[in-house]
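Notes follow once the structure below has been shown.
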Amino acid sequence: MAERHPDRPVFHQNRYAAELDEFVTEGISWLDIGAGHKMHDGWLGASSAELATRPSYFAGCDLGEDVLENPYLHDARVADAAALPWDAETFDLVSANMVAEHLEDPEGVLREIHRVLRPGGRCLFVTPNLRHPVVRASTIVPKGPRRWFRVLVDGAPDEDVFPTYYRLNTTDDVRAFAERAGLQVEQLEVFMSEPPILPSLFGRMETGVVSLGHRLGAREIASNLMVRLRKP
């Protein structure tokens, strides 16, 4: 297992796009959980359109019906990740972009991912790090204001804002749930996304707190986790 803590900030969607670019190879069978409209919101590296040309079979699922309008998918289904409607050992790759924080039953979902992956297949996901001070603080904010924050600051459509549980959002939780589900942790990266989570002055304060934490040795408080799991 490789565990890294890069000091140089990188926008989490560009970091995720780079990971997809490496592992979405020609002819694979790929499932994107929480597929929605596209695979990532990065502006560097392989676009969603380019990535979609590589798999021989590209499936996606989401809780919302907008997944049915995703132009890149060969097979789009409205489904819960805890009960994936595909046969065992169907996919070489399962991905999830900013989905893990919404999982009420992460062990159940990882077991389903293990079931649908072929031996040697991988699961990739990017998600907020619960040890980041802003993410941690958000867990005590009532659901209403938290929803407004996502809509106003993140620009997320109101219908795309789902409840957050943060049960798979620390390095320790990833290791524990992956082991229970029979998946190996191949890479677990803690990194700081740029721009910061909070805007303007508050964003600069946030960056300062995290930078100070890094200098003091608290490297686990960066804003995001990039995770790669493997089915033996």
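Ordering of the structure tokens sets the chain letters (A, B, ...); residue numbers start at 1 within each chain; ligands are numbered from 1 in the order shown.
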Query - Close residues, Gly36 of chain A itself excluded, 10 Å, only C-alpha atoms, min 4 positions apart in chain, as a list in words - result: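 Returned residues: Asp32, His40, Gly60, Cys61, Asp62, Leu63, Gly64, Glu65, Asp66, Val67, Leu68, Glu69, Asn70, Ala76, Val78, Asn97 and Asp160 of chain A.
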Report as CSV: every residue of segment 38-108 of chain A with an atom at most 12 Å from segment 219-232 of chain A, its closest pair of atoms, and their distance in Å to one decimal, counting only C-alpha atoms, with rows sorted by chain and ascending residue number.
```
residue,atom,partner,partner_atom,distance
A:Glu89,CA,A:Lys231,CA,10.3
A:Phe91,CA,A:Lys231,CA,11.0
A:Asp92,CA,A:Lys231,CA,9.6
A:Leu93,CA,A:Arg230,CA,9.3
A:Val94,CA,A:Leu229,CA,9.6
A:Ser95,CA,A:Arg228,CA,9.3
A:Ala96,CA,A:Val227,CA,10.0
A:Asn97,CA,A:Met226,CA,9.9
A:Met98,CA,A:Asn224,CA,9.7
A:Val99,CA,A:Leu225,CA,11.9
A:Ala100,CA,A:Leu225,CA,10.2
A:Glu101,CA,A:Leu225,CA,10.8
```
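Shortest atom-to-atom contact with His114 of chain A among A:Leu84, A:Ala52, A:Leu20, A:Val174: A:Leu84, counting only C-alpha atoms.
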**Report entry** Residue contacts of Ala81 of chain A (9 Å, only C-alpha atoms) excluding same-chain residues fewer than 4 positions away, as a ChimeraX atom specification
**Finding:** /A:33-34,61-63,85,103,108-110,112-113
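Atom CA of Asp75 of chain A to atom CA of Thr25 of chain A spans 18.1 Å [interatomic distance, one decimal].
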**Report entry** Contacts of Trp86 of chain A at 10 Å (only C-alpha atoms; same-chain gap of 4+ positions) as number ranges by chain
**Finding:** A: 31, 59, 90-91, 112, 115-116
**Report entry** Those in segment 27-103 of chain A with alpha helix (DSSP H) from DSSP, as a list in words
**Finding:**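 Result set for segment 27-103 of chain A (alpha helix (DSSP H)): Ser48, Ala49, Glu50, Leu51 and Ala52 of chain A.
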Requested in this report: From a DSSP calculation on the backbone, collect every residue of segment 54-201 of chain A in strand (DSSP E or B) and output the set as an MDAnalysis selection string.
Outcome: chainID A and resid 57:62 75:78 91:97 117:128 184:191
Grab the residues selected above and save them as a tab-separated table (two decimals), in the first residue's frame with N, CA, C and O atoms.
```
chain	number	residue	atom	x	y	z
A	57	TYR	N	-17.37	-1.61	-22.21
A	57	TYR	CA	-18.66	-1.54	-21.54
A	57	TYR	C	-18.55	-0.53	-20.42
A	57	TYR	O	-17.68	-0.64	-19.55
A	58	PHE	N	-19.39	0.50	-20.44
A	58	PHE	CA	-19.34	1.57	-19.46
A	58	PHE	C	-20.73	1.74	-18.86
A	58	PHE	O	-21.66	2.19	-19.53
A	59	ALA	N	-20.85	1.37	-17.60
A	59	ALA	CA	-22.12	1.44	-16.88
A	59	ALA	C	-22.05	2.50	-15.80
A	59	ALA	O	-20.97	2.86	-15.31
A	60	GLY	N	-23.23	3.00	-15.41
A	60	GLY	CA	-23.28	3.99	-14.34
A	60	GLY	C	-24.58	3.89	-13.59
A	60	GLY	O	-25.61	3.49	-14.15
A	61	CYS	N	-24.54	4.25	-12.32
A	61	CYS	CA	-25.76	4.27	-11.52
A	61	CYS	C	-25.75	5.48	-10.61
A	61	CYS	O	-24.70	6.05	-10.29
A	62	ASP	N	-26.94	5.89	-10.21
A	62	ASP	CA	-27.10	7.01	-9.29
A	62	ASP	C	-28.49	6.88	-8.68
A	62	ASP	O	-29.35	6.15	-9.20
A	75	ASP	N	-24.78	1.90	-20.31
A	75	ASP	CA	-25.81	1.27	-19.48
A	75	ASP	C	-26.02	2.14	-18.25
A	75	ASP	O	-25.15	2.20	-17.37
A	76	ALA	N	-27.14	2.85	-18.18
A	76	ALA	CA	-27.43	3.75	-17.06
A	76	ALA	C	-28.60	3.21	-16.26
A	76	ALA	O	-29.64	2.85	-16.83
A	77	ARG	N	-28.44	3.17	-14.94
A	77	ARG	CA	-29.50	2.63	-14.09
A	77	ARG	C	-29.66	3.48	-12.83
A	77	ARG	O	-28.68	3.96	-12.26
A	78	VAL	N	-30.90	3.64	-12.41
A	78	VAL	CA	-31.20	4.26	-11.12
A	78	VAL	C	-31.09	3.16	-10.08
A	78	VAL	O	-31.88	2.21	-10.09
A	91	PHE	N	-16.99	-6.16	-13.65
A	91	PHE	CA	-16.21	-4.95	-13.94
A	91	PHE	C	-14.73	-5.08	-13.59
A	91	PHE	O	-14.36	-5.75	-12.63
A	92	ASP	N	-13.92	-4.39	-14.40
A	92	ASP	CA	-12.49	-4.25	-14.11
A	92	ASP	C	-12.22	-3.05	-13.23
A	92	ASP	O	-11.20	-2.99	-12.53
A	93	LEU	N	-13.12	-2.06	-13.29
A	93	LEU	CA	-12.92	-0.81	-12.56
A	93	LEU	C	-14.27	-0.29	-12.05
A	93	LEU	O	-15.26	-0.31	-12.79
A	94	VAL	N	-14.29	0.14	-10.80
A	94	VAL	CA	-15.44	0.85	-10.22
A	94	VAL	C	-14.92	2.18	-9.70
A	94	VAL	O	-13.91	2.23	-9.01
A	95	SER	N	-15.61	3.26	-10.04
A	95	SER	CA	-15.18	4.59	-9.61
A	95	SER	C	-16.32	5.32	-8.91
A	95	SER	O	-17.49	4.99	-9.10
A	96	ALA	N	-15.96	6.32	-8.12
A	96	ALA	CA	-16.97	7.13	-7.42
A	96	ALA	C	-16.36	8.49	-7.11
A	96	ALA	O	-15.36	8.58	-6.39
A	97	ASN	N	-16.97	9.53	-7.62
A	97	ASN	CA	-16.47	10.89	-7.47
A	97	ASN	C	-17.30	11.64	-6.43
A	97	ASN	O	-18.47	11.95	-6.66
A	117	LEU	N	-16.60	-6.60	-8.91
A	117	LEU	CA	-15.27	-6.51	-9.50
A	117	LEU	C	-14.75	-7.89	-9.88
A	117	LEU	O	-14.98	-8.88	-9.18
A	118	ARG	N	-14.02	-7.92	-10.98
A	118	ARG	CA	-13.29	-9.12	-11.34
A	118	ARG	C	-12.03	-9.23	-10.48
A	118	ARG	O	-11.55	-8.21	-9.97
A	119	PRO	N	-11.48	-10.42	-10.29
A	119	PRO	CA	-10.21	-10.53	-9.55
A	119	PRO	C	-9.15	-9.64	-10.17
A	119	PRO	O	-8.96	-9.61	-11.39
A	120	GLY	N	-8.47	-8.88	-9.33
A	120	GLY	CA	-7.48	-7.92	-9.80
A	120	GLY	C	-8.07	-6.57	-10.15
A	120	GLY	O	-7.32	-5.63	-10.45
A	121	GLY	N	-9.41	-6.45	-10.13
A	121	GLY	CA	-10.06	-5.19	-10.45
A	121	GLY	C	-9.86	-4.15	-9.36
A	121	GLY	O	-9.55	-4.48	-8.21
A	122	ARG	N	-10.08	-2.88	-9.73
A	122	ARG	CA	-9.81	-1.79	-8.80
A	122	ARG	C	-11.04	-0.91	-8.58
A	122	ARG	O	-11.91	-0.80	-9.45
A	123	CYS	N	-11.05	-0.29	-7.42
A	123	CYS	CA	-12.05	0.73	-7.07
A	123	CYS	C	-11.30	2.02	-6.78
A	123	CYS	O	-10.38	2.05	-5.95
A	124	LEU	N	-11.68	3.10	-7.45
A	124	LEU	CA	-11.08	4.42	-7.26
A	124	LEU	C	-12.12	5.38	-6.74
A	124	LEU	O	-13.25	5.40	-7.24
A	125	PHE	N	-11.76	6.19	-5.75
A	125	PHE	CA	-12.67	7.26	-5.35
A	125	PHE	C	-11.94	8.41	-4.69
A	125	PHE	O	-10.87	8.24	-4.10
A	126	VAL	N	-12.53	9.60	-4.85
A	126	VAL	CA	-12.05	10.80	-4.18
A	126	VAL	C	-13.18	11.30	-3.29
A	126	VAL	O	-14.36	11.19	-3.65
A	127	THR	N	-12.82	11.81	-2.12
A	127	THR	CA	-13.83	12.20	-1.14
A	127	THR	C	-13.22	13.20	-0.16
A	127	THR	O	-11.99	13.27	-0.03
A	128	PRO	N	-14.03	14.01	0.54
A	128	PRO	CA	-13.47	14.90	1.57
A	128	PRO	C	-12.85	14.10	2.72
A	128	PRO	O	-13.26	12.98	3.02
A	184	GLN	N	-8.09	-4.83	-0.85
A	184	GLN	CA	-6.76	-4.38	-0.43
A	184	GLN	C	-6.61	-2.88	-0.71
A	184	GLN	O	-7.04	-2.40	-1.76
A	185	VAL	N	-6.02	-2.14	0.22
A	185	VAL	CA	-5.72	-0.73	0.00
A	185	VAL	C	-4.43	-0.64	-0.80
A	185	VAL	O	-3.35	-0.97	-0.30
A	186	GLU	N	-4.55	-0.20	-2.04
A	186	GLU	CA	-3.39	-0.08	-2.92
A	186	GLU	C	-2.76	1.31	-2.83
A	186	GLU	O	-1.55	1.46	-2.93
A	187	GLN	N	-3.60	2.32	-2.68
A	187	GLN	CA	-3.10	3.69	-2.48
A	187	GLN	C	-4.10	4.47	-1.65
A	187	GLN	O	-5.31	4.37	-1.85
A	188	LEU	N	-3.57	5.25	-0.71
A	188	LEU	CA	-4.40	6.08	0.16
A	188	LEU	C	-3.68	7.41	0.31
A	188	LEU	O	-2.70	7.52	1.03
A	189	GLU	N	-4.17	8.40	-0.41
A	189	GLU	CA	-3.46	9.69	-0.52
A	189	GLU	C	-4.26	10.79	0.17
A	189	GLU	O	-5.45	10.98	-0.10
A	190	VAL	N	-3.61	11.50	1.08
A	190	VAL	CA	-4.20	12.66	1.75
A	190	VAL	C	-3.61	13.89	1.08
A	190	VAL	O	-2.40	14.06	1.05
A	191	PHE	N	-4.46	14.76	0.52
A	191	PHE	CA	-3.91	15.91	-0.20
A	191	PHE	C	-4.80	17.13	-0.03
A	191	PHE	O	-5.98	17.03	0.30
```
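Proximity to Val10 of chain A was assessed for A:Val24, A:Ser56, A:Asp173, A:Gly42 counting only C-alpha atoms; the smallest distance is recorded for A:Gly42.
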**Report entry** Gap from atom CA of Arg180 of chain A to atom CA of Ala88 of chain A - Å, one decimal
**Finding:**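 Separating atom CA of Arg180 of chain A from atom CA of Ala88 of chain A is a distance of 18.1 Å.
Among the candidates A:Gly182, A:Arg175, A:Thr164, A:Phe23, the residue lying nearest to Ser138 of chain A is A:Thr164 (atoms considered: only C-alpha atoms).
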